[in-house]
Structures are given as structure tokens and as C-alpha cells.
Amino acid sequence: MNSQSTSMIYNFAGIITHFNIEGADFDVTPFGSGHINDTFLVKSKIVSYRTYLLQKINHFVFKDIDGLMNNMVLVVNHLKEKIAQKPNGNSEKEVLTLVPCNNGKYYYKDDQGNYWRMTYFLEDTRSYDLVTTEKQAYQGGVAFGQFQYLLADLDPAEIVDVIPDFLNIEKRLRDFNNAVANDKADRLKTVVTEVEYLSSWSTAMNDILKLGKAGILPLRITHNDTKFNNILLDKNNDIQCVIDLDTVMPGYVAYDFGDAIRSIINTAVEDEKDLDAIQLNIPLFTEFTKGYLSETLSFLTEPELKSLIKGVMLLPYMQAVRFLTDYIEGDVYYKTHFPDHNLQRTRAQIQLFKILELNRSKLSDIVNTEWLLLK
Ligand code: ADP
Ligand code: GN1
Ligand code: MG
């Protein structure tokens with residue numbers, strides 16, 4: 001969507017007046033490549049004024065907006081307090097800052113029923129859909145490891161489950177099987193191979209849940225959407241800020257580890273069409289692992305450490321299940337940019353999963369070695 005077409009749909013000038021910000025007369029342009037929310041850069045024509053990021057929250061995905069925004073306020077306040085205690089910590093740069101609305105809330109509901117929120121735009125930062133350097137991978141590990149560490153003392157009972165069973169593979173497979181049974185968009189005939197392949201792995205993917213239910217893996221507060229483009233790096237490729245806090249909820253650490261690896265180890269993008277371009281970049285895996293363990297070693301239990309490799313297998317698998325479910329249902333959840341986008345995403349994630357499976361023991365050895373080196 002270009003800025004002209006979005007400004008015809010939304011009355012940005014009107015929406016912005018509901019937020020407590022300095023300046024007037026803004027340029028509003030679409031920003032970022034997230035699959036869920038709609039993000040816009042709000043830049044004042046007067047250059048000395050702060051730039052903001054306006055997001056239309058996807059209300060189809062996040063049904064409890066009050067719960068969602070309460071979680072976000074809790075998490076950013078907690079992180080800011082922690083960062084302020086760090087030597088040289090800068091809580092405005094390292095943590096998202098929400099802009100309050102004139103109604104005292106942190107979101108505004110417009111008369112079309114859309115929900116909007118605003119944060120400070122973090123200048124001189126970038127997010128990456130594809131990781132290319134070992135430094136980026138290491139910094140990613142530090143970022144998500146530190147995120148878990150800093151939230152370890154936030155009471156999980158205070159966090160609302162905004163999407164219940166978000167990363168529960170049993171639930172995701174139930175949804176998948178329902179989609180297959182209903183075949184609403186009449187697409188099943190085109191994806192028989194993919195459906196059979198994913199179904200053949202379903203029972204093998206239950207380990208983390210089983211260990212969790214048995215009390216062997218603790219529930220902690222996790223990010224749950226640790227795709228690499230959900231961190232901002234500064235000009236020197238040092239970590240600046242973890243973003244996209246919508247899914248911060250109780251979860252298992254292996255979920256965050258596995259989802260981050262899904263985007264870091266892959267030499268190609270998430271929706272790569274050319275399956276041969278999907279290879280593993282093992283040095284990036286090693287660097288992410290080093291960074292992650294350096295921040296989490298103090299609290300990770302041995303079962304959690306052993307579960308990390310299970311997360312590396314589970315998250316690409318679960319993502320393939322989710323993309324294929326959406327494809328079969330007629331593309332109702334993720335934003336798509338061309339007709340078979342969700343199918344292309346599914347195939348790319350299946351390919352990644354297959355190569356990960358071939359390299360599983362090598363990757364597991366790397367985690368163990370890095371752990372022993374750091375201990
Ligand atoms: P989505 O839920 O749609 O993925 P995100 O919150 O991840 O939305 O934001 C989309 C993109 O916008 C990010 O990948 C990042 O590039 C950019 N972004 C988000 N927040 C900020 C910020 N505060 N400062 C600078 N860029 C940001
Ligand atoms: C979505 O919003 P974004 O693009 O960071 C999705 C994640 C998926 C990811 C796959 C709320 O994340 O769960 O892992 O796409 N977020 C939600 O790229 O479903
Ligand atoms: Mg995002």
C-alpha cells in the first residue's frame with residue numbers, strides 16, 4: 001500500500017491529534033515488513049521534532065486490546081526500570097516508549113473501529129529480514145537472552161494471555177486438521193504433499209509441551225515472536241532494542257531460541273521461492289548461541305538447555321503448519337503480497353525444517369560445546 005492510498009483510507013491527521021505529541025503537519029508513510037500490524041512512520045515537516053511510529057493494531061488477531069496494551073505497558077515499564085539500573089543504560093533508546101493518548105489510555109479507537117497506538121521512532125536503527133554477519137547473530141542472541149533475563153522477575157500472573165495457546169503445537173495442529181477437514185477455500189487438492197509431510201511429523205513435535213506439562217521445563221515470560229526483524233540494531237550492528245512486544249506471554253525458553261534461529265540460520269528469506277537457496281549458515285547459529293547463553297547461563301536449567309535444540313526443530317515446523325493452515329483457509333491471518341504467498345512460505349519453512357533435521361546432531365553439539373565453554 002502506498003502512502004497516498006493509505007491516507008485515503010485513514011484520516012491520519014485526525015488520528016494523530018488524539019496522541020500527546022509535539023508538532024503538527026506530519027508526513028505519514030507505511031513502514032516495516034511485519035505480517036500482522038500496519039505500521040506507519042509519522043514525521044513532522046519541522047525537522048527538529050521527534051519522529052513517531054504509528055501502528056494500527058490487528059484487531060482480528062488481537063481481540064483483547066485492553067489486555068494487549070496493559071501487557072505492553074507492564075513490560076516496557078519493567079524493562080525501563082531494569083535498564084535504568086544498568087551502568088550507561090539508556091531506557092529511552094533500549095526500550096520502546098509508548099505515547100499516551102489524550103484519553104489517558106495508550107491506544108485510540110477511531111470511529112471505524114480501528115485501534116491505534118504510537119511509540120517513539122528509534123532513530124539510526126535498522127531491523128533485518130536476513131542476517132548476514134556473525135556480529136549481528138551474536139547481538140541477536142544477547143538481545144533475546146537479555147530480554148528473558150530482564151523479565152525473569154516480572155510476575156507471569158500479571159500478563160494476560162492475549163492469544164491463548166499461541167505457540168502450543170497441539171492447538172496449532174488441531175487448527176490445521178480442522179482447516180484440512182473443512183477445505184474452505186478449495187485448495188486442499190493443491191497441497192496434498194505438504195499436508196502429508198507435516199502430518200507425518202506431528203507426534204514427534206510434542207516433546208517441549210510434554211516436558212512442560214510434566215513440570216520439567218518451567219514457564220517463563222518469553223517474547224514468543226523472536227524473528228530477527230523484531231530487534232533493532234544500531235549503526236554499528238550493536239543491539240539497541242527488542243520490539244514487537246505483542247506476544248510477550250508465559251512460554252518456554254526454547255520457543256524464543258528456536259524462532260530466532262529460524263530466521264538467523266537460514267541463508268534465504270522466510271518466503272524464499274528458490275528452495276535450493278535455503279541452506280544453513282552454521283557460524284551464525286554458533287554466534288547466536290554464544291550471545292544467548294552468555295545472558296541466560298545464570299538461570300537456565302539443564303533440561304532447558306537440552307530443550308533448545310527441540311525449539312530449533314519445532315519453530316520452523318510450527319510456522320509451516322501455521323502458514324499452510326492459513327493458505328488452506330484462504331489467507332485470512334497473515335498479510336500476503338501475492339496469491340500463493342502462504343504456500344511459498346510453507347514450502348520454504350518445510351525445506352528449512354528438512355535441512356535442520358539432517359544437521360540436528362551437529363547443531364546440538366554446538367549448543368553443548370558453547371555451554372561448556374561458558375560455564
Ligand atoms: P509487526 O507486528 O507488524 O511485525 P513491528 O512492531 O514488528 O510490527 O514493527 C514493524 C517494523 O517497524 C519492524 O520490523 C521495524 O523495522 C520497525 N519498527 C518498529 N518499531 C520501531 C521503532 N520504535 N523504531 C524504529 N523502527 C521500528
Ligand atoms: C508474525 O508480526 P510479525 O511479522 O513479527 C506472527 C508470528 C510469526 C511471524 C512469521 C502475532 O510476526 O507469530 O512467527 O509472523 N505474529 C503473530 O513471520 O501471529
Ligand atoms: Mg514484527
# chains A, B, ... in the order shown; residues from 1 in each chain; ligands from 1
>>> select_by_dssp(residues="region 78-284 of chain A", states="helix (DSSP H, G or I)", output="VMD selection string")
chain A and resid 78 to 85 91 to 94 134 to 151 156 to 158 169 to 182 188 to 190 192 to 200 203 to 205 207 to 213 228 to 230 245 to 247 253 to 264 275 to 277 282 to 284
>>> residues_around(residues="Thr346 (chain A)", least_positions_apart="4", cutoff="9 Å", atoms="only C-alpha atoms", output="PyMOL selection string")
chain A and resi 194+271+319-324+327+341-342+350-351
>>> select_by_dssp(residues="region 23-134 of chain A", states="strand (DSSP E)", output="list of chain:residue names")
A:Phe26, A:Asp27, A:Val28, A:Thr29, A:Pro30, A:Asp38, A:Thr39, A:Phe40, A:Leu41, A:Val42, A:Lys43, A:Ser44, A:Tyr52, A:Leu53, A:Leu54, A:Gln55, A:Lys56, A:Ile57, A:Tyr108, A:Lys109, A:Tyr115, A:Trp116, A:Arg117, A:Met118, A:Thr119, A:Tyr120
>>> residues_near_ligand(ligand="ligand 3", cutoff="6 Å", atoms="only C-alpha atoms and all ligand atoms", output="list in words")
Gly34, Asn230 and Asp244 of chain A
>>> closest_residue(among="A:Tyr292, A:Phe176, A:Tyr52, A:Tyr106", to="ligand 1", atoms="only C-alpha atoms and all ligand atoms")
A:Tyr52
>>> residues_near_ligand(ligand="ligand 1", cutoff="7 Å", atoms="only C-alpha atoms and all ligand atoms", output="count of residues only")
24
>>> closest_residue(among="A:Ser263, A:Asn177, A:Asn224, A:Asn77", to="Asp165 (chain A)", atoms="only C-alpha atoms")
A:Asn224
>>> atom_distance(atom1="CA of Thr286 (chain A)", atom2="CA of Arg262 (chain A)")
13.3 Å
>>> atom_distance(atom1="CA of Gly215 (chain A)", atom2="CA of Tyr252 (chain A)")
11.5 Å
>>> atom_distance(atom1="atom 1 (C, counted along the ligand's line) of ligand 2", atom2="CA of Glu272 (chain A)")
16.2 Å
>>> closest_residue(among="A:Ser202, A:Leu233, A:Tyr334, A:Val61", to="Tyr317 (chain A)", atoms="only C-alpha atoms")
A:Ser202
>>> residues_around(residues="region 147-152 of chain A", least_positions_apart="5", cutoff="7 Å", atoms="only C-alpha atoms", output="VMD selection string")
chain A and resid 79 82 220 to 222 295 to 296
>>> residues_around(residues="Pro156 (chain A)", least_positions_apart="5", cutoff="12 Å", atoms="only C-alpha atoms", output="list in words")
Asn71, Leu74, Val75, Leu151, Asp161, Pro218, Leu219, Arg220, Ile221, Thr222, Val248, Met249, Pro250 and Gly251 of chain A
>>> write_last_selection(atoms="C-alpha atoms", output="tab-separated table (two decimals), in the first residue's frame")
chain	number	residue	atom	x	y	z
A	71	ASN	CA	0.77	-6.19	28.94
A	74	LEU	CA	3.79	-3.58	32.16
A	75	VAL	CA	6.62	-4.99	30.07
A	151	LEU	CA	11.75	-10.19	32.57
A	161	ASP	CA	-2.70	-14.49	27.60
A	218	PRO	CA	9.48	-24.07	33.65
A	219	LEU	CA	7.18	-21.48	32.13
A	220	ARG	CA	8.90	-18.10	31.98
A	221	ILE	CA	7.98	-14.81	30.41
A	222	THR	CA	9.15	-15.09	26.84
A	248	VAL	CA	5.14	-11.39	25.37
A	249	MET	CA	3.47	-14.08	27.47
A	250	PRO	CA	4.42	-17.10	29.54
A	251	GLY	CA	6.28	-19.62	27.36
>>> closest_residue(among="A:Leu68, A:Leu358, A:Ala268, A:Ile231", to="Tyr107 (chain A)", atoms="only C-alpha atoms")
A:Leu68
